[in-house]
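*Asks:* Let me give you the structure first, and then I'll get to my questions.
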Amino acid sequence: MPAKRIDVNLAMQTVAAYDSETVFHACGCVSGDKSHPTPKGLYKILRKHHPYTSKTYKVPMNYALFFTTTGVALHQYHGPAPWLLLRAGRALTDAVGSHGCVRLQEDDARKLYGWAPIGTVVEVHETPP
Amino acid sequence: MTSVRLFLCLAIAAAACDSAQEGGAPEPGTELYAISPEDVREVVFTAPEHRLYAYRWSPTDTFQITAATRGRTEVERCAAGAGFQRWLTAVARMPIERKLDRPFEPRGAEWTDLRLRDTTDLEPIDVRLRVPVANDEPVVLQSGAHQYAVAVDAVTLRSARSGCAALGSVAVAAPASLPR
């Protein structure tokens, strides 16, 4: 098992970062919506970038940790609505969500960005509680 | 029930309008970007007096380098050697040391543009760097309106100016002529 890995649980909408078996950080997230689900599988961080603005979508994606070759990343949430409202909305319906990326609060995104080197394993799964 | 609906609408609206906000300035120690050198496929390094282009078809191939210098009619071509590997490793991550209180004039012979393209479908990494001639000055990276000293070895970066002599292994083709 690689020393550092990031676990994304789509069912729980949570992210947990592990250093060996020790939890470095755990937090909530908002993943892709019903039309743009975050792809499940085993990945590794391919690229880091901060600050970052997607030229394709013209949206900020600060503290971006890209883990797919098509641009899916863990990154800071930049939307206008309060984070708690977004999380609550997601808990009600999976019509609420991103275009596939895993959105995080700024503090959580910053912490993961500083901790995770290139090559860190990212596992995306859907494990109910 | 009405309040739940209102709540739901607000949440959906929030998700839908992911408005663009100004990004936070990177803190000291933050890597402005990082990429694995093994995944880099293409490099373009442009300075007022020098041009460097390196390409490989797959990560297992050796980079092929083309280098040109202003005022010289010949373009150098060579396969990448250990010098290029050191140079690529140096530019593969940009850890920020500090924000500059007194930024440099963002033009001049020391400013270079770097583009790194990797094996993904992601947009290339494009950055503007000031590679100083003097050893007592830091390498500076322009990010938005700010400039940052970055922890990258200036001597290694400057080696790109020497073209194949510093970065190549063996020449693979006779030098081609460039029109003046």
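Ordering of the structure tokens sets the chain letters (A, B, ...), residue numbers begin anew at 1 in every chain, and ligands are numbered from 1 in the order given.
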Quick check for you: according to DSSP on this backbone, which residues of stretch 56-121 of chain B are classed as strand (DSSP E)? Reply as an MDAnalysis selection string.

*Replies:* chainID B and resid 64:69 74:80 93:99 111:118

*Asks:* Include C-alpha atoms and write out the residues we just selected as a tab-separated table (two decimals), in the first residue's frame.

*Replies:*
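As written to disk, again02.tsv reads:
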chain	number	residue	atom	x	y	z
B	64	GLN	CA	14.82	15.40	-29.25
B	65	ILE	CA	16.01	18.97	-28.81
B	66	THR	CA	16.03	21.85	-31.25
B	67	ALA	CA	17.78	25.01	-30.05
B	68	ALA	CA	18.27	28.34	-31.77
B	69	THR	CA	20.14	31.49	-30.76
B	74	GLU	CA	22.53	27.34	-37.56
B	75	VAL	CA	19.91	25.54	-35.54
B	76	GLU	CA	21.21	22.89	-33.20
B	77	ARG	CA	19.59	19.49	-33.00
B	78	CYS	CA	20.47	16.76	-30.57
B	79	ALA	CA	19.11	13.99	-28.41
B	80	ALA	CA	18.62	14.99	-24.79
B	93	ARG	CA	7.97	21.99	-9.86
B	94	MET	CA	7.94	25.59	-8.73
B	95	PRO	CA	7.99	25.96	-4.94
B	96	ILE	CA	7.43	29.55	-3.93
B	97	GLU	CA	9.88	31.07	-1.46
B	98	ARG	CA	8.39	34.51	-0.99
B	99	LYS	CA	6.38	37.20	-2.65
B	111	TRP	CA	12.34	37.02	-18.91
B	112	THR	CA	11.44	33.67	-20.44
B	113	ASP	CA	8.26	31.81	-21.25
B	114	LEU	CA	8.02	28.15	-20.41
B	115	ARG	CA	5.45	25.70	-21.70
B	116	LEU	CA	5.22	22.11	-20.50
B	117	ARG	CA	2.84	19.64	-22.12
B	118	ASP	CA	2.40	16.18	-20.68

*Asks:* If we count only C-alpha atoms, which residues of chain A reach to within 6 Å of chain B? Please list them as a list in words.

*Replies:*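 Only these qualify: Arg47, Lys48, His49, His50, Pro51, Val59, Pro60, Thr69, Thr70, Gly71, Gly79, Ala81, Leu85, Leu86, Gly89, Val96 and Gly97 of chain A.
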
*Asks:* Based on the selection just made, write N, CA and C atoms of those residues as a CSV table (one decimal), in the first residue's frame.

*Replies:*
chain,number,residue,atom,x,y,z
A,47,ARG,N,-0.9,16.0,-11.6
A,47,ARG,CA,-0.4,17.4,-11.7
A,47,ARG,C,-1.0,18.2,-10.6
A,48,LYS,N,-0.3,19.2,-10.1
A,48,LYS,CA,-0.8,20.1,-9.1
A,48,LYS,C,-0.7,21.5,-9.7
A,49,HIS,N,-1.6,22.4,-9.3
A,49,HIS,CA,-1.5,23.8,-9.8
A,49,HIS,C,-2.3,24.7,-8.9
A,50,HIS,N,-1.7,25.7,-8.4
A,50,HIS,CA,-2.3,26.8,-7.6
A,50,HIS,C,-1.6,28.1,-7.7
A,51,PRO,N,-2.3,29.2,-8.0
A,51,PRO,CA,-3.7,29.3,-8.3
A,51,PRO,C,-3.9,28.7,-9.7
A,59,VAL,N,-13.3,28.9,-15.2
A,59,VAL,CA,-13.6,28.9,-13.8
A,59,VAL,C,-12.4,28.7,-13.0
A,60,PRO,N,-12.3,29.3,-11.8
A,60,PRO,CA,-11.1,29.0,-10.9
A,60,PRO,C,-11.2,27.6,-10.3
A,69,THR,N,-6.6,12.0,-16.6
A,69,THR,CA,-6.0,12.6,-17.8
A,69,THR,C,-6.9,13.6,-18.5
A,70,THR,N,-8.2,13.6,-18.1
A,70,THR,CA,-9.2,14.5,-18.7
A,70,THR,C,-9.5,15.7,-17.9
A,71,GLY,N,-8.8,15.8,-16.7
A,71,GLY,CA,-8.9,17.1,-16.0
A,71,GLY,C,-9.8,17.0,-14.7
A,79,GLY,N,-17.9,28.6,-5.6
A,79,GLY,CA,-19.2,29.1,-5.9
A,79,GLY,C,-19.7,30.1,-4.9
A,81,ALA,N,-22.6,30.3,-3.3
A,81,ALA,CA,-23.4,29.8,-2.1
A,81,ALA,C,-22.6,29.4,-1.0
A,85,LEU,N,-24.7,25.1,2.7
A,85,LEU,CA,-25.9,25.1,1.9
A,85,LEU,C,-25.7,24.1,0.7
A,86,LEU,N,-24.5,24.2,0.1
A,86,LEU,CA,-24.2,23.3,-1.0
A,86,LEU,C,-24.2,21.8,-0.5
A,89,GLY,N,-27.7,20.7,0.2
A,89,GLY,CA,-28.4,20.4,-1.1
A,89,GLY,C,-28.0,19.1,-1.7
A,96,VAL,N,-27.4,18.2,-7.5
A,96,VAL,CA,-26.4,19.2,-7.0
A,96,VAL,C,-25.0,18.6,-7.0
A,97,GLY,N,-24.1,19.3,-7.7
A,97,GLY,CA,-22.7,18.8,-7.7
A,97,GLY,C,-21.9,19.5,-8.8

*Asks:* May I ask for the distance between atom CA of B:Glu105 and atom CA of B:Val127, given in Å to one decimal place?

*Replies:* 16.1 Å

*Asks:* I'd like the contact shell of A:Glu106 - 8 Å cut-off, only C-alpha atoms, skipping same-chain residues fewer than 3 positions apart - returned as a VMD selection string.

*Replies:* chain A and resid 76 to 77 109 to 110

*Asks:* I need the residues of stretch 48-151 of chain B that end up classed as alpha helix (DSSP H) by DSSP on the backbone, written out as a list of chain:residue names.

*Replies:* B:Ala82, B:Gly83, B:Phe84, B:Gln85, B:Arg86, B:Trp87, B:Leu88, B:Thr89, B:Ala90, B:Val91

*Asks:* At a cut-off of 12 Å, using only C-alpha atoms, what residues contact B:Pro103? Leave out same-chain residues fewer than 4 positions from it and give the result as a ChimeraX atom specification.

*Replies:* /B:98-99,107,130,138,140-143,145-149

*Asks:* Export, as a PDB file, in the first residue's frame, the selected residues with C-alpha atoms.

*Replies:*
ATOM      1  CA  ARG B  98       8.387  34.508  -0.995  1.00  0.00           C
ATOM      2  CA  LYS B  99       6.385  37.201  -2.650  1.00  0.00           C
ATOM      3  CA  ARG B 107      10.146  42.791 -19.664  1.00  0.00           C
ATOM      4  CA  ARG B 130      12.834  35.634 -14.857  1.00  0.00           C
ATOM      5  CA  PRO B 138      16.500  34.506  -7.302  1.00  0.00           C
ATOM      6  CA  VAL B 140      11.288  34.895 -10.256  1.00  0.00           C
ATOM      7  CA  LEU B 141       7.924  33.664 -11.388  1.00  0.00           C
ATOM      8  CA  GLN B 142       5.165  35.995 -12.529  1.00  0.00           C
ATOM      9  CA  SER B 143       1.732  34.808 -11.364  1.00  0.00           C
ATOM     10  CA  ALA B 145      -0.159  40.600 -10.918  1.00  0.00           C
ATOM     11  CA  HIS B 146       2.411  39.259  -8.454  1.00  0.00           C
ATOM     12  CA  GLN B 147       5.991  38.083  -8.639  1.00  0.00           C
ATOM     13  CA  TYR B 148       7.446  35.341  -6.466  1.00  0.00           C
ATOM     14  CA  ALA B 149      10.957  34.151  -5.808  1.00  0.00           C
TER      15      ALA B 149
END

*Asks:* Find the residues near B:Tyr55: any atom within 6 Å, counting only C-alpha atoms, skip ones fewer than 4 places away on the same chain, and give them as a short mmCIF file (atom, residue, chain, number, x, y, z; two decimals) with N, CA and C atoms, in the first residue's frame.

*Replies:*
data_model
loop_
_atom_site.label_atom_id
_atom_site.label_comp_id
_atom_site.auth_asym_id
_atom_site.auth_seq_id
_atom_site.Cartn_x
_atom_site.Cartn_y
_atom_site.Cartn_z
N ARG B 41 5.99 15.58 -22.20
CA ARG B 41 6.09 15.14 -23.60
C ARG B 41 6.69 16.23 -24.48
N GLU B 42 6.46 17.48 -24.06
CA GLU B 42 6.88 18.60 -24.92
C GLU B 42 7.29 19.79 -24.06
N PHE B 63 14.04 12.61 -25.40
CA PHE B 63 13.67 13.91 -25.96
C PHE B 63 14.60 14.26 -27.12
N GLN B 64 14.03 14.84 -28.15
CA GLN B 64 14.82 15.40 -29.25
C GLN B 64 14.77 16.92 -29.10
#

*Asks:* Just how far from atom CA of B:Ser159 is atom CA of B:Glu137, in Å to one decimal?

*Replies:* 16.1 Å

*Asks:* Which value, in Å to one decimal, gives the distance between atom CA of B:Asp126 and atom CA of A:Ala64?

*Replies:*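 Between these atoms lies a distance of 15.4 Å.
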
*Asks:* Contacts of B:Ala90 at 9 Å or less, counting only C-alpha atoms, minus same-chain residues fewer than 2 places along, as a PDB file with N, CA and C atoms, in the first residue's frame?

*Replies:*
ATOM      1  N   GLN B  85      17.877  16.351 -18.592  1.00  0.00           N
ATOM      2  CA  GLN B  85      17.107  15.712 -17.524  1.00  0.00           C
ATOM      3  C   GLN B  85      17.152  16.546 -16.250  1.00  0.00           C
ATOM      4  N   ARG B  86      18.335  17.085 -15.941  1.00  0.00           N
ATOM      5  CA  ARG B  86      18.460  17.956 -14.761  1.00  0.00           C
ATOM      6  C   ARG B  86      17.626  19.219 -14.943  1.00  0.00           C
ATOM      7  N   TRP B  87      17.691  19.783 -16.135  1.00  0.00           N
ATOM      8  CA  TRP B  87      16.942  21.005 -16.420  1.00  0.00           C
ATOM      9  C   TRP B  87      15.429  20.740 -16.312  1.00  0.00           C
ATOM     10  N   LEU B  88      14.979  19.620 -16.879  1.00  0.00           N
ATOM     11  CA  LEU B  88      13.553  19.291 -16.841  1.00  0.00           C
ATOM     12  C   LEU B  88      13.089  19.042 -15.403  1.00  0.00           C
ATOM     13  N   ALA B  92      10.131  21.141 -13.328  1.00  0.00           N
ATOM     14  CA  ALA B  92       8.925  20.323 -13.153  1.00  0.00           C
ATOM     15  C   ALA B  92       8.126  20.727 -11.912  1.00  0.00           C
ATOM     16  N   ARG B  93       8.725  21.474 -11.023  1.00  0.00           N
ATOM     17  CA  ARG B  93       7.972  21.985  -9.864  1.00  0.00           C
ATOM     18  C   ARG B  93       8.502  23.359  -9.489  1.00  0.00           C
ATOM     19  N   MET B  94       7.599  24.199  -9.044  1.00  0.00           N
ATOM     20  CA  MET B  94       7.942  25.592  -8.734  1.00  0.00           C
ATOM     21  C   MET B  94       7.523  25.938  -7.308  1.00  0.00           C
ATOM     22  N   VAL B 152      14.176  27.430  -7.345  1.00  0.00           N
ATOM     23  CA  VAL B 152      14.656  26.703  -8.522  1.00  0.00           C
ATOM     24  C   VAL B 152      16.061  27.189  -8.810  1.00  0.00           C
ATOM     25  N   ASP B 153      16.945  26.263  -9.123  1.00  0.00           N
ATOM     26  CA  ASP B 153      18.347  26.595  -9.320  1.00  0.00           C
ATOM     27  C   ASP B 153      18.544  27.394 -10.620  1.00  0.00           C
ATOM     28  N   THR B 156      21.078  25.926 -13.243  1.00  0.00           N
ATOM     29  CA  THR B 156      20.500  24.846 -14.056  1.00  0.00           C
ATOM     30  C   THR B 156      19.584  25.424 -15.136  1.00  0.00           C
ATOM     31  N   LEU B 157      18.771  26.400 -14.748  1.00  0.00           N
ATOM     32  CA  LEU B 157      17.878  27.006 -15.749  1.00  0.00           C
ATOM     33  C   LEU B 157      18.661  27.699 -16.854  1.00  0.00           C
TER      34      LEU B 157
END

*Asks:* So which residues touch A:Cys101 within 9 Å, counting only C-alpha atoms, skipping near sequence neighbours fewer than 5 positions away, as a ChimeraX atom specification?

*Replies:* /A:30-32,36-38,66,71-75

*Asks:* Quick one: write out the picked residues with C-alpha atoms as a PDB file, in the first residue's frame?

*Replies:*
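Saved the output as again_30.pdb:
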ATOM      1  CA  VAL A  30     -19.101  17.753  -3.131  1.00  0.00           C
ATOM      2  CA  SER A  31     -18.457  15.557  -6.143  1.00  0.00           C
ATOM      3  CA  GLY A  32     -19.899  15.408  -9.646  1.00  0.00           C
ATOM      4  CA  HIS A  36     -21.337  14.431 -14.582  1.00  0.00           C
ATOM      5  CA  PRO A  37     -20.435  11.817 -11.989  1.00  0.00           C
ATOM      6  CA  THR A  38     -16.919  11.718 -10.613  1.00  0.00           C
ATOM      7  CA  PHE A  66      -5.528  16.587 -11.068  1.00  0.00           C
ATOM      8  CA  GLY A  71      -8.928  17.077 -15.975  1.00  0.00           C
ATOM      9  CA  VAL A  72     -10.872  15.745 -13.000  1.00  0.00           C
ATOM     10  CA  ALA A  73      -9.350  17.219  -9.855  1.00  0.00           C
ATOM     11  CA  LEU A  74      -9.762  17.777  -6.191  1.00  0.00           C
ATOM     12  CA  HIS A  75      -9.881  21.545  -5.783  1.00  0.00           C
TER      13      HIS A  75
END
